[in-house]
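Visitor: Encoded as structure tokens, here's the structure I'll be asking about.
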Amino acid sequence: MLIQRGGLKVVAGLGISGVSAVNFLVEQGYQVAVTDSRATPPGHDQIPSHVQTSFGKLDVDLLLQAEEIILSPGLAPQLPEIQQAIAQGIPVVGDVQLLRRATDAPIVAITGSNAKSTVTTLVGLMAKDAGKKVAVGGNLGRPALDLLKDDPELLVLELSSFQLETTSHLNAEVAVVLNMSEDHLDRHGDMWGYHQAKHRIFQGVKKVVFNRDDNLTRPLVPDTTPMQSFGLNAPDIQQYGILKDLDGTIWLARGRERLLKSSDMYIQGTHNVANALACLALGEAIGLPMDSMLETLKQFKGLEHRCEYVATVQDVRYYNDSKGTNIGATLAAIDGLGAAIEAQQGKVAVILGGQGKGQDFKALRESLQKYVKVAVLIGEDAPIIEQAIAGTTKLLHADSLQQAVALCQQHTQAHDVVLLSPACASFDMFKGYADRGHQFVACVQALSA
């Protein structure tokens with residue numbers, strides 16, 4: 001018979017991370033129960049049969065019996081049922097907190113409004129190529145606790161603001177907030193709440209990387225904490241940035257040292273230059289050799305649905321940035337591609353729209369005026385977006401993604417770019433951003449068939 005340790009651990013909310021937490025706690029010998037507001041939550045069939053379950057609503061009685069509640073990132077700590085438990089002095093943590101307790105392996109912790117997945121994946125590849133036994137996951141790919149199965153010597157974690165809300169003293173080896181723009185205000189209330197959640201990543205941090213182009217990413221940490229910055233300008237000594245030759249060649253640089261031409265990377269656009277610089281700074285903080293990191297950078301082709309090159313049709317390039325679910329991501333894609341094709345008089349045709357999550361789309365106005373020849377609006381919040389950006393560029397409406405792609409094709413010519421970067425969530429018309437991206441790719445492939 002299994003000897004039970006301690007009191008009851010209640011996992012609130014199943015799904016991928018919830019299932020992972022249940023199975024981890026059972027393996028550790030704890031008494032575990034699960035509650036979920038859904039009648040048949042995803043993953044309910046992947047947990048041991050002896051685990052007590054209460055589905056259909058969050059079970060307050062069960063929560064109040066807990067020694068500790070493990071809250072899934074999809075559930076807000078502000079929920080009345082969770083607040084009731086907090087008021088009784090019951091600790092509420094997330095799976096990342098359990099991971100921190102379970103291992104001494106150094107953690108590279110990465111968050112930001114945008115580019116988290118690209119930077120996390122790339123740092124993971126750099127570490128692997130340099131011979132490290134590394135596990136990569138968190139908000140991306142594998143749940144945090146599943147990474148322990150690899151017995152890693154290094155953990156590279158992508159962390160969302162939702163995960164960080166229930167994480168204290170991560171004590172990361174190095175941490176970064178890549179950038180900050182409006183997102184998830186429906187959950188965090190305002191930018192200050194969002195900022196506070198993100199900056200929990202720096203609690204107990206040993207080294208810091210920050211974006212000197214974005215003041216909101218620089219943490220308040222003790223003066224003794226080593227800090228390194230990256231940015232899209234000429235860097236100070238030992239910092240990361242870019243140097244430009246007279247012929248317009250852009251170099252990734254550390255101080256005065258030219259490291260790599262931006263044109264030698266598969267990933268294009270100024271936002272990807274910033275991502276690459278962030279990776280080099282993070283890699284340096286954990287002792288990865290520069291030559292090895294640069295070689296990995298040259299081979300990296302980018303991630304699906306993140307400014308992913310799809311095809312060229314009649315000298316017009318098509319990019320799938322379906323993961324651009326907020327304004328910051330879409331601005332990065334428009335500005336990055338717009339600046340790259342400006343010299344050839346190329347312009348961007350962008351597809352925008354979906355569920356807007358309460359964002360202020362006026363923030364898109366300047367970039368639309370500068371780089372975009374036509375914006376095709378789709379989805380639930382198209383009227384709200386139209387009101388915010390009226391007068392910036394030609395605006396068209398489409399009832400489907402197929403129609404939107406066709407309209408973009410009609411309004412583009414050689415050297416232009418068609419970009420799906422909706423700045424919105426996808427659930428009004430699609431199963432998720434991946435489904436939206438796959439449908440876009442299929443529409444583009446149909447054009448060249």
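Here's how to read the names in the structure tokens: chain A, B, ... by the order shown, residue numbers from 1 in each chain, ligand numbers from 1 in the order shown.
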Excluding Asp151 of chain A and residues on its chain fewer than 5 positions from it, collect all residues at most 9 Å away from it, counting only C-alpha atoms, and give them as an NGL selection string.
Guide: :A and (105 or 133-135)
Visitor: Any chance you could list, as a VMD selection string, the residues in segment 95-298 of chain A that come up strand (DSSP E) when DSSP is run on the backbone?
Guide: chain A and resid 107 to 111 134 to 138 154 to 158 174 to 177 207 to 211 227 to 230 240 to 244 250 to 254 257 to 261
Visitor: List the spatial neighbours of Val96 of chain A as a CSV table (one decimal) with N, CA and C atoms, in the first residue's frame - criterion: any atom at most 9 Å away, only C-alpha atoms, same-chain residues fewer than 6 positions off excluded.
Guide:
chain,number,residue,atom,x,y,z
A,138,GLY,N,7.1,24.3,-20.5
A,138,GLY,CA,6.4,25.3,-19.6
A,138,GLY,C,5.1,25.7,-20.3
A,143,PRO,N,4.4,20.3,-20.5
A,143,PRO,CA,4.2,20.9,-19.2
A,143,PRO,C,5.4,20.9,-18.4
A,144,ALA,N,5.6,21.9,-17.5
A,144,ALA,CA,6.8,22.0,-16.7
A,144,ALA,C,7.2,20.7,-15.9
A,145,LEU,N,6.3,20.1,-15.3
A,145,LEU,CA,6.6,18.9,-14.4
A,145,LEU,C,7.0,17.7,-15.3
A,159,LEU,N,7.3,31.1,-19.9
A,159,LEU,CA,6.3,31.3,-18.8
A,159,LEU,C,5.3,32.4,-19.2
A,163,GLN,N,0.9,31.7,-15.5
A,163,GLN,CA,1.8,30.8,-14.7
A,163,GLN,C,2.5,31.6,-13.7
A,164,LEU,N,3.0,32.8,-14.0
A,164,LEU,CA,3.8,33.5,-13.0
A,164,LEU,C,2.9,34.1,-11.9
A,166,THR,N,1.1,32.4,-10.0
A,166,THR,CA,1.1,31.4,-8.9
A,166,THR,C,2.5,30.9,-8.7
A,167,THR,N,3.5,31.7,-9.1
A,167,THR,CA,4.9,31.3,-8.9
A,167,THR,C,5.6,32.3,-8.0
A,170,LEU,N,11.2,32.0,-8.1
A,170,LEU,CA,11.6,31.0,-9.1
A,170,LEU,C,13.2,30.8,-9.0
Visitor: Can you pull out every residue within 10 Å of Glu386 of chain A, counting only C-alpha atoms, but drop anything in the same chain fewer than 4 positions away, and send it as JSON, numbers by chain?
Guide: {"A": [352, 353, 361, 362, 375, 376, 377, 381, 382, 390, 391, 392, 395, 396, 397]}
Visitor: Just to be explicit: take each residue in the selection above, keep N, CA and C atoms, and write the result as a PDB file, in the first residue's frame.
Guide:
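Once written, part.pdb looks like this:
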ATOM      1  N   LEU A 352      -6.416  41.218 -40.458  1.00  0.00           N
ATOM      2  CA  LEU A 352      -6.604  41.502 -39.029  1.00  0.00           C
ATOM      3  C   LEU A 352      -7.983  41.045 -38.585  1.00  0.00           C
ATOM      4  N   GLY A 353      -8.100  40.679 -37.295  1.00  0.00           N
ATOM      5  CA  GLY A 353      -9.445  40.483 -36.743  1.00  0.00           C
ATOM      6  C   GLY A 353      -9.644  39.143 -36.057  1.00  0.00           C
ATOM      7  N   PHE A 361      -6.976  49.179 -30.423  1.00  0.00           N
ATOM      8  CA  PHE A 361      -6.365  48.980 -31.744  1.00  0.00           C
ATOM      9  C   PHE A 361      -5.816  50.267 -32.356  1.00  0.00           C
ATOM     10  N   LYS A 362      -6.040  51.402 -31.684  1.00  0.00           N
ATOM     11  CA  LYS A 362      -5.449  52.654 -32.192  1.00  0.00           C
ATOM     12  C   LYS A 362      -3.919  52.560 -32.228  1.00  0.00           C
ATOM     13  N   ALA A 375      -5.659  46.659 -45.433  1.00  0.00           N
ATOM     14  CA  ALA A 375      -5.943  45.805 -44.280  1.00  0.00           C
ATOM     15  C   ALA A 375      -7.301  45.162 -44.510  1.00  0.00           C
ATOM     16  N   VAL A 376      -7.320  43.817 -44.494  1.00  0.00           N
ATOM     17  CA  VAL A 376      -8.572  43.074 -44.669  1.00  0.00           C
ATOM     18  C   VAL A 376      -9.032  42.602 -43.289  1.00  0.00           C
ATOM     19  N   LEU A 377     -10.257  42.996 -42.915  1.00  0.00           N
ATOM     20  CA  LEU A 377     -10.761  42.730 -41.560  1.00  0.00           C
ATOM     21  C   LEU A 377     -11.711  41.538 -41.570  1.00  0.00           C
ATOM     22  N   ASP A 381     -14.700  41.077 -33.992  1.00  0.00           N
ATOM     23  CA  ASP A 381     -14.421  42.464 -33.598  1.00  0.00           C
ATOM     24  C   ASP A 381     -13.958  43.354 -34.754  1.00  0.00           C
ATOM     25  N   ALA A 382     -14.236  42.915 -35.997  1.00  0.00           N
ATOM     26  CA  ALA A 382     -13.877  43.736 -37.162  1.00  0.00           C
ATOM     27  C   ALA A 382     -14.437  45.160 -37.071  1.00  0.00           C
ATOM     28  N   ALA A 390      -9.643  53.589 -38.806  1.00  0.00           N
ATOM     29  CA  ALA A 390     -10.192  54.266 -40.000  1.00  0.00           C
ATOM     30  C   ALA A 390      -9.300  55.432 -40.410  1.00  0.00           C
ATOM     31  N   GLY A 391      -9.079  55.548 -41.728  1.00  0.00           N
ATOM     32  CA  GLY A 391      -8.290  56.672 -42.254  1.00  0.00           C
ATOM     33  C   GLY A 391      -6.806  56.396 -42.373  1.00  0.00           C
ATOM     34  N   THR A 392      -6.343  55.220 -41.932  1.00  0.00           N
ATOM     35  CA  THR A 392      -4.894  54.935 -41.991  1.00  0.00           C
ATOM     36  C   THR A 392      -4.486  54.343 -43.326  1.00  0.00           C
ATOM     37  N   LEU A 395      -9.258  49.889 -46.192  1.00  0.00           N
ATOM     38  CA  LEU A 395      -9.831  48.850 -45.340  1.00  0.00           C
ATOM     39  C   LEU A 395     -10.888  48.063 -46.119  1.00  0.00           C
ATOM     40  N   LEU A 396     -10.791  46.748 -46.071  1.00  0.00           N
ATOM     41  CA  LEU A 396     -11.765  45.870 -46.721  1.00  0.00           C
ATOM     42  C   LEU A 396     -12.268  44.856 -45.704  1.00  0.00           C
ATOM     43  N   HIS A 397     -13.456  44.319 -45.944  1.00  0.00           N
ATOM     44  CA  HIS A 397     -14.017  43.284 -45.054  1.00  0.00           C
ATOM     45  C   HIS A 397     -14.128  41.969 -45.809  1.00  0.00           C
TER      46      HIS A 397
END
Visitor: How would you write, as a ChimeraX atom specification, the set of residues in segment 236-427 of chain A that DSSP gives as helix (DSSP H, G or I)?
Guide: /A:262-264,270-285,290-299,327-344,361-371,382-389,401-410
Visitor: Quick one: residues within 8 Å of Ala434 of chain A, only C-alpha atoms counted, chain neighbours fewer than 6 positions away excluded, as a list in words?
Guide: His305, Ser322 and Lys323 of chain A
Visitor: Calculated over only C-alpha atoms, which of the candidates A:Asn23, A:Ser113, A:Asn211, A:Thr224 has the smallest distance to Gly328 of chain A?
Guide: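 When distances to Gly328 of chain A are compared using only C-alpha atoms, the smallest one comes from A:Ser113.
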Visitor: Which residues of segment 149-185 of chain A come within 10 Å of segment 116-122 of chain A, and what is each one's closest atom pair and distance in Å (one decimal), counting only C-alpha atoms, sorted by chain and residue number, as JSON lines?
Guide:
{"residue": "A:Val156", "atom": "CA", "partner": "A:Thr120", "partner_atom": "CA", "distance": 6.5}
{"residue": "A:Leu157", "atom": "CA", "partner": "A:Thr120", "partner_atom": "CA", "distance": 6.7}
{"residue": "A:Glu158", "atom": "CA", "partner": "A:Thr120", "partner_atom": "CA", "distance": 5.9}
{"residue": "A:Leu159", "atom": "CA", "partner": "A:Lys116", "partner_atom": "CA", "distance": 8.0}
{"residue": "A:Ser160", "atom": "CA", "partner": "A:Lys116", "partner_atom": "CA", "distance": 8.7}
{"residue": "A:Val176", "atom": "CA", "partner": "A:Lys116", "partner_atom": "CA", "distance": 9.7}
{"residue": "A:Val177", "atom": "CA", "partner": "A:Lys116", "partner_atom": "CA", "distance": 8.8}
{"residue": "A:Leu178", "atom": "CA", "partner": "A:Lys116", "partner_atom": "CA", "distance": 7.3}
{"residue": "A:Asn179", "atom": "CA", "partner": "A:Lys116", "partner_atom": "CA", "distance": 9.3}
Visitor: Write a file of the selected residues as a compact mmCIF listing (two decimals), in the first residue's frame, keeping N, CA and C atoms.
Guide:
# COMPACT_ATOMS: atom_id res chain seq x y z
N VAL A 156 14.91 25.15 -19.74
CA VAL A 156 14.58 26.40 -20.43
C VAL A 156 13.05 26.50 -20.46
N LEU A 157 12.51 27.49 -19.75
CA LEU A 157 11.06 27.58 -19.55
C LEU A 157 10.48 28.83 -20.20
N GLU A 158 9.45 28.63 -21.03
CA GLU A 158 8.60 29.75 -21.44
C GLU A 158 7.50 29.86 -20.39
N LEU A 159 7.31 31.07 -19.85
CA LEU A 159 6.33 31.27 -18.78
C LEU A 159 5.35 32.37 -19.16
N SER A 160 4.06 32.07 -19.00
CA SER A 160 3.02 33.07 -19.27
C SER A 160 2.75 33.88 -18.00
N VAL A 176 14.35 36.83 -18.31
CA VAL A 176 14.11 37.97 -19.20
C VAL A 176 12.62 38.19 -19.38
N VAL A 177 12.20 39.47 -19.40
CA VAL A 177 10.91 39.88 -19.96
C VAL A 177 11.27 40.51 -21.31
N LEU A 178 10.93 39.84 -22.40
CA LEU A 178 11.41 40.26 -23.73
C LEU A 178 10.82 41.60 -24.15
N ASN A 179 9.54 41.81 -23.85
CA ASN A 179 8.83 43.02 -24.27
C ASN A 179 7.52 43.07 -23.51
Visitor: Excluding Phe210 of chain A and its own-chain neighbours fewer than 6 positions away, which residues fall within 9 Å of it when counting only C-alpha atoms? Please give them as a list in words.
Guide: Ala175, Val176, Val177, Leu178, Asn179, Thr217, Arg218, Pro219, Met227, Gln228, Ser229, Phe230, Gly231 and Ala278 of chain A
Visitor: Could you check the closest approach to Phe300 of chain A for each of A:Gly124, A:Gly43, A:Pro91, A:Gly204 and tell me which residue wins, using only C-alpha atoms?
Guide: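 Using only C-alpha atoms, Phe300 of chain A sits closest to A:Gly124.
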Visitor: Please, which residues in segment 288-388 of chain A fall within 12 Å of segment 441-445 of chain A when counting only C-alpha atoms, and what is the closest atom pair and distance in Å to one decimal for each, ordered by chain then residue number, as a Markdown table?
Guide:
| residue | atom | partner | partner_atom | distance |
| --- | --- | --- | --- | --- |
| A:Glu304 | CA | A:Val441 | CA | 10.6 |
| A:His305 | CA | A:Val441 | CA | 9.5 |
| A:Glu308 | CA | A:Val441 | CA | 9.9 |
| A:Tyr309 | CA | A:Val441 | CA | 9.7 |
| A:Val310 | CA | A:Val441 | CA | 6.5 |
| A:Ala311 | CA | A:Val444 | CA | 7.4 |
| A:Thr312 | CA | A:Val444 | CA | 9.0 |
| A:Val313 | CA | A:Val444 | CA | 8.2 |
| A:Gln314 | CA | A:Val444 | CA | 11.6 |
| A:Val316 | CA | A:Val444 | CA | 10.9 |
| A:Arg317 | CA | A:Val444 | CA | 9.9 |
| A:Tyr318 | CA | A:Val444 | CA | 7.4 |
| A:Tyr319 | CA | A:Val441 | CA | 8.7 |
| A:Asn320 | CA | A:Val441 | CA | 7.1 |
| A:Asp321 | CA | A:Val441 | CA | 10.5 |
| A:Ser322 | CA | A:Val441 | CA | 10.2 |
Visitor: Using N, CA and C atoms, can you write the selected residues to a file as a JSON list (two decimals), in the first residue's frame?
Guide:
[["chain", "number", "residue", "atom", "x", "y", "z"],
["A", 304, "GLU", "N", 6.46, 27.49, -36.61],
["A", 304, "GLU", "CA", 5.20, 27.51, -37.33],
["A", 304, "GLU", "C", 4.26, 28.55, -36.71],
["A", 305, "HIS", "N", 3.56, 29.29, -37.54],
["A", 305, "HIS", "CA", 2.55, 30.29, -37.13],
["A", 305, "HIS", "C", 3.16, 31.55, -36.51],
["A", 308, "GLU", "N", 5.93, 32.93, -40.08],
["A", 308, "GLU", "CA", 6.47, 31.79, -40.83],
["A", 308, "GLU", "C", 6.28, 32.04, -42.34],
["A", 309, "TYR", "N", 7.38, 31.94, -43.09],
["A", 309, "TYR", "CA", 7.29, 32.09, -44.55],
["A", 309, "TYR", "C", 6.50, 30.91, -45.13],
["A", 310, "VAL", "N", 5.50, 31.20, -45.96],
["A", 310, "VAL", "CA", 4.64, 30.14, -46.52],
["A", 310, "VAL", "C", 5.01, 29.85, -47.98],
["A", 311, "ALA", "N", 4.95, 30.89, -48.83],
["A", 311, "ALA", "CA", 5.20, 30.69, -50.26],
["A", 311, "ALA", "C", 5.33, 32.05, -50.95],
["A", 312, "THR", "N", 5.87, 32.02, -52.16],
["A", 312, "THR", "CA", 5.87, 33.21, -53.02],
["A", 312, "THR", "C", 4.95, 32.93, -54.20],
["A", 313, "VAL", "N", 3.95, 33.77, -54.40],
["A", 313, "VAL", "CA", 3.01, 33.62, -55.51],
["A", 313, "VAL", "C", 3.06, 34.91, -56.32],
["A", 314, "GLN", "N", 3.44, 34.82, -57.60],
["A", 314, "GLN", "CA", 3.57, 35.98, -58.49],
["A", 314, "GLN", "C", 4.40, 37.10, -57.84],
["A", 316, "VAL", "N", 4.96, 37.81, -54.87],
["A", 316, "VAL", "CA", 4.45, 38.30, -53.57],
["A", 316, "VAL", "C", 4.68, 37.20, -52.54],
["A", 317, "ARG", "N", 5.34, 37.56, -51.42],
["A", 317, "ARG", "CA", 5.61, 36.57, -50.37],
["A", 317, "ARG", "C", 4.47, 36.57, -49.34],
["A", 318, "TYR", "N", 4.10, 35.37, -48.90],
["A", 318, "TYR", "CA", 3.01, 35.20, -47.93],
["A", 318, "TYR", "C", 3.59, 34.69, -46.60],
["A", 319, "TYR", "N", 3.17, 35.32, -45.49],
["A", 319, "TYR", "CA", 3.66, 34.95, -44.17],
["A", 319, "TYR", "C", 2.49, 34.63, -43.23],
["A", 320, "ASN", "N", 2.65, 33.52, -42.50],
["A", 320, "ASN", "CA", 1.66, 33.08, -41.52],
["A", 320, "ASN", "C", 2.12, 33.47, -40.12],
["A", 321, "ASP", "N", 1.49, 34.49, -39.55],
["A", 321, "ASP", "CA", 1.77, 34.91, -38.18],
["A", 321, "ASP", "C", 0.50, 34.78, -37.34],
["A", 322, "SER", "N", -0.14, 33.60, -37.48],
["A", 322, "SER", "CA", -1.42, 33.38, -36.78],
["A", 322, "SER", "C", -1.25, 33.45, -35.27]]
Visitor: Find the spatial neighbours of Tyr371 of chain A, counting only C-alpha atoms, within a cut-off of 8 Å - ignore same-chain residues fewer than 3 positions away - and output them as a PyMOL selection string.
Guide: chain A and resi 334-335+338-339+342+347-348+367-368
Visitor: Please, could you write that set of residues out with N, CA and C atoms as a PDB file, in the first residue's frame?
Guide:
ATOM      1  N   ILE A 334       4.385  43.600 -38.682  1.00  0.00           N
ATOM      2  CA  ILE A 334       4.212  44.641 -39.715  1.00  0.00           C
ATOM      3  C   ILE A 334       5.485  45.481 -39.834  1.00  0.00           C
ATOM      4  N   ASP A 335       6.002  45.923 -38.699  1.00  0.00           N
ATOM      5  CA  ASP A 335       7.207  46.779 -38.723  1.00  0.00           C
ATOM      6  C   ASP A 335       8.415  46.007 -39.248  1.00  0.00           C
ATOM      7  N   GLY A 338       7.699  45.203 -42.973  1.00  0.00           N
ATOM      8  CA  GLY A 338       7.569  46.475 -43.700  1.00  0.00           C
ATOM      9  C   GLY A 338       8.914  47.147 -43.925  1.00  0.00           C
ATOM     10  N   ALA A 339       9.741  47.174 -42.876  1.00  0.00           N
ATOM     11  CA  ALA A 339      11.071  47.797 -42.983  1.00  0.00           C
ATOM     12  C   ALA A 339      11.966  47.006 -43.936  1.00  0.00           C
ATOM     13  N   GLU A 342      10.871  47.821 -47.648  1.00  0.00           N
ATOM     14  CA  GLU A 342      10.714  49.249 -47.977  1.00  0.00           C
ATOM     15  C   GLU A 342      11.636  49.684 -49.110  1.00  0.00           C
ATOM     16  N   LYS A 347       5.087  46.891 -50.130  1.00  0.00           N
ATOM     17  CA  LYS A 347       4.144  47.235 -49.057  1.00  0.00           C
ATOM     18  C   LYS A 347       3.507  45.952 -48.507  1.00  0.00           C
ATOM     19  N   VAL A 348       2.847  46.084 -47.361  1.00  0.00           N
ATOM     20  CA  VAL A 348       2.246  44.936 -46.692  1.00  0.00           C
ATOM     21  C   VAL A 348       0.728  44.961 -46.886  1.00  0.00           C
ATOM     22  N   SER A 367       1.850  52.294 -37.712  1.00  0.00           N
ATOM     23  CA  SER A 367       2.464  51.259 -38.557  1.00  0.00           C
ATOM     24  C   SER A 367       1.635  50.983 -39.807  1.00  0.00           C
ATOM     25  N   LEU A 368       0.314  51.019 -39.676  1.00  0.00           N
ATOM     26  CA  LEU A 368      -0.553  50.824 -40.844  1.00  0.00           C
ATOM     27  C   LEU A 368      -0.321  51.928 -41.870  1.00  0.00           C
TER      28      LEU A 368
END
Visitor: Quick one: distance from atom CA of Ile237 of chain A to atom CA of Leu252 of chain A in Å, one decimal?
Guide: 13.6 Å
Visitor: Which is closer to Ala39 of chain A than all the others in A:Leu25, A:Thr330, A:Thr111, A:Gly13, using only C-alpha atoms?
Guide: A:Gly13
Visitor: Measuring between only C-alpha atoms, which one of A:Asp104, A:Gln359, A:Ile327, A:Leu407 shows the shortest distance to Asp190 of chain A?
Guide: A:Gln359
